[in-house]
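Here is the structure we will look at, set down as structure tokens.
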Amino acid sequence: MKIDKSLLSGSTGMLLLSLLKSGDKYGYEMITLLEAISNEVFQMKEGTLYPVLHNLEKQGFVKAYNQENDKGRVRRYYHLTEKGAMQLVEQKDQWEVFSGAVNTVLHCGAMG
Amino acid sequence: MEWAKIAEQASADDAMKAWLDCATKSLRFPPDRKRVRQELREHLEDRAESMMDQSLSKTEAVRKSLEMMGSPEETGELLRQVHKPWLGWVLRGVRLALIALVIVIAVKLIGGTDGLRFLSKDQVLREFHLADQTYTYGKEKEVHTTVAERPWIGSDGVEFGAFTVRFEDVIYRYYRRDWIAEDGKTTTVCDLDADVLLRFTGAPWDKLPQNFFNGYVRIVDDNGTEYITQRHSYDETRYIDVAVRRVLPWAYVACIRFDDGDWPEDAKRLDIFLGEGESEQKMSVWLEDWQIRNADALPEADEAHTDLWEEHLDYAWYSIWEDRKELGSFAPTAGQKDEAELSILRAALDTYPEDTENLKEPDGDKPWTIFCGEVAECILTVREDMALQPFSAAGMKERLRIVDPAQGPDAPAIPYAIQNIEICRNVTVWHISWQTTPGVEAYELQFWPTQEGTAGTLTMELKEEREP
């Protein structure tokens with residue numbers, strides 16, 4: 001199903017940060033990985049990925065650098081900083097609290 | 001949805017370019033725009049490539065990729081919100097300011113460090129025509145060769161205003177000058193240079209005013225003789241002249257030159273005073289003895305050379321004895337003793353007004369005596385072997401004695417003043433003066449070239465009657 005954009009925008013950053021937990025990646029790599037992992041639930045317009053990434057960089061959660069990928073081409077890689085890792089943990093906690101609350105309300109509503 | 005239309009009409013490459021232009025046009029800060037555009041383009045290329053792997057044509061792959069990227073306006077707007085341009089300019093400004101600060105610090109460090117030189121000593125000497133080399137003036141040339149020089153040791157530098165001052169070099173040399181005219185004719189003379197070069201280092205924005213040195217530099221040697229830049233009265237006889245050159249953006253070299261004839265002949269130490277009053281600073285330089293560098297460079301005597309310094313003597317004669325009134329003259333004489341030849345070129349009996357200080361006899365700790373009233377003066381030339389000649393008035397004093405021959409063999413030595421006015425090859429020219437006594441009709445000059453054995457003598461006899 002198509003996910004509402006408003007849900008997406010707040011949490012896109014969190015998703016990208018968690019992708020980087022397993023290693024540095026470049027933009028295109030992250031998009032394709034995201035599609036694969038989420039079974040194509042996350043199919044955002046690819047152009048909007050970069051503003052989010054750049055915003056994360058601006059806030060210091062990721063650091064960008066140029067490097068050759070395994071095809072020998074230079075790409076802009078992103079690296080999760082310590083600050084970013086802490087932010088991820090915090091956001092995950094918040095998400096779990098939020099989604100838990102949502103679930104509770106939904107179930108309660110359903111029950112009520 | 002304009003994009004769909006563009007994508008259909010333009011070629012794939014043009015469409016991609018247009019997409020990128022649109023998405024990045026909102027980024028005002030050029031480095032950001034360039035970088036983001038590159039990143040987006042790489043993404044599109046990767047996406048297109050993966051589609052071409054799935055058997056799409058290049059054109060179709062590119063178009064599909066653009067579609068998947070989404071609206072360039074939307075992307076552009078989101079990017080604009082993230083990349084605030086003013087921050088980019090501020091950061092660039094900060095970076096420039098930091099670079100400027102680093103340069104300033106580096107310059108200050110260079111200025112304060114003795115070891116860092118970007119100009120060789122020779123280059124500096126060339127600026128003031130003090131290096132041993134050939135100087136070209138149009139079609140004519142002049143070759144300088146040092147014959148002898150006095151090495152030196154300098155004291156540490158001083159801080160003077162915004163500048164650090166150090167000794168650049170001290171030149172005290174007797175050198176040969178070969179002037180080669182356009183037609184190849186060569187004229188050779190020998191000259192003495194006495195220069196003290198100081199280096200002033202500071203920052204490029206610190207300026208040393210050109211007229212700074214007029215009156216602000218004073219040298220006193222260990223005999224108590226003072227040398228100044230400005231003539232305060234006609235009877236000051238020891239002068240220095242200063243030339244300043246900016247050799248590097250942060251460095252000046254000042255050349256303090258002793259006037260011809262005003263050389264610090266017997267000095268072993270020179271104290272150089274910069275500035276005035278409370279801000280006055282002192283630097284000292286110790287002069288070693290003369291050392292012969294190129295004895296072979298000493299030329300042979302010839303007539304052309306004699307003419308040249310005869311001319312110079314006329315000038316020296318006139319300028320020294322401005323106020324004289326000639327009462328009589330002595331016949332020129334010549335004599336020889338061992339390897340030395342002496343001759344008196346000119347001699348005169350003159351009167352000087354009592355208040356003149358032109359003729360002085362420095363006498364150790366005693367105040368200077370002044371010759372006035374009736375004074376005898378002569379120009380004495382001494383031609384001798386290089387090795388014996390110390391270019392020094394003190395050296396001459398030890399070898400020359402003046403007596404009244406009428407008083408017999410035990411005649412007392414008459415005090416005299418002696419000043420070197422010219423050095424030409426191995427000939428030195430001296431101005432000698434002494435107080436005369438009424439009734440004395442002749443004077444004898446006794447000269448010991450080697451300071452041993454018997455003296456060679458020259459006699460000066462009064463030729464004409466004195467006017468009352």
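Here, A, B, ... name the chains of the structure tokens in the order displayed, residue numbers run from 1 inside each chain, and ligands are numbered from 1 in the same displayed order.
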- Message: Counting only C-alpha atoms, a student should be able to say which residues of chain B come within 10 Å of chain A; what is the right answer, written as JSON, numbers by chain?
- Response: {"B": [23, 35, 36, 38, 39, 40, 42, 43, 44, 45, 46, 47, 65, 66, 67, 68, 69, 70, 71, 72, 73, 74, 75, 76, 77, 78, 79, 80, 81, 82, 83]}
- Message: Can you measure atom CA of Ile402 of chain B to atom CA of Glu444 of chain B for me? One decimal in Å is fine.
- Response: 5.7 Å
- Task: Pick out each residue of segment 15-92 of chain A that DSSP on the backbone tags as alpha helix (DSSP H); I need them as a ChimeraX atom specification.
- Result: /A:15-21,27-37,49-58,82-92
- Task: Find the spatial neighbours of His144 of chain B, counting only C-alpha atoms, within a cut-off of 7 Å - ignore same-chain residues fewer than 3 positions away - and output them as number ranges by chain.
- Result: B: 132-134, 175-178
Those same residues, written as a PDB file, in the first residue's frame with C-alpha atoms?
ATOM      1  CA  ASP B 132      81.847  42.358  -6.047  1.00  0.00           C
ATOM      2  CA  GLN B 133      80.546  42.090  -9.565  1.00  0.00           C
ATOM      3  CA  THR B 134      80.156  43.859 -12.869  1.00  0.00           C
ATOM      4  CA  TYR B 175      88.163  47.999  -3.573  1.00  0.00           C
ATOM      5  CA  ARG B 176      89.278  48.343  -7.142  1.00  0.00           C
ATOM      6  CA  ARG B 177      86.929  49.890  -9.654  1.00  0.00           C
ATOM      7  CA  ASP B 178      87.487  49.286 -13.364  1.00  0.00           C
TER       8      ASP B 178
END
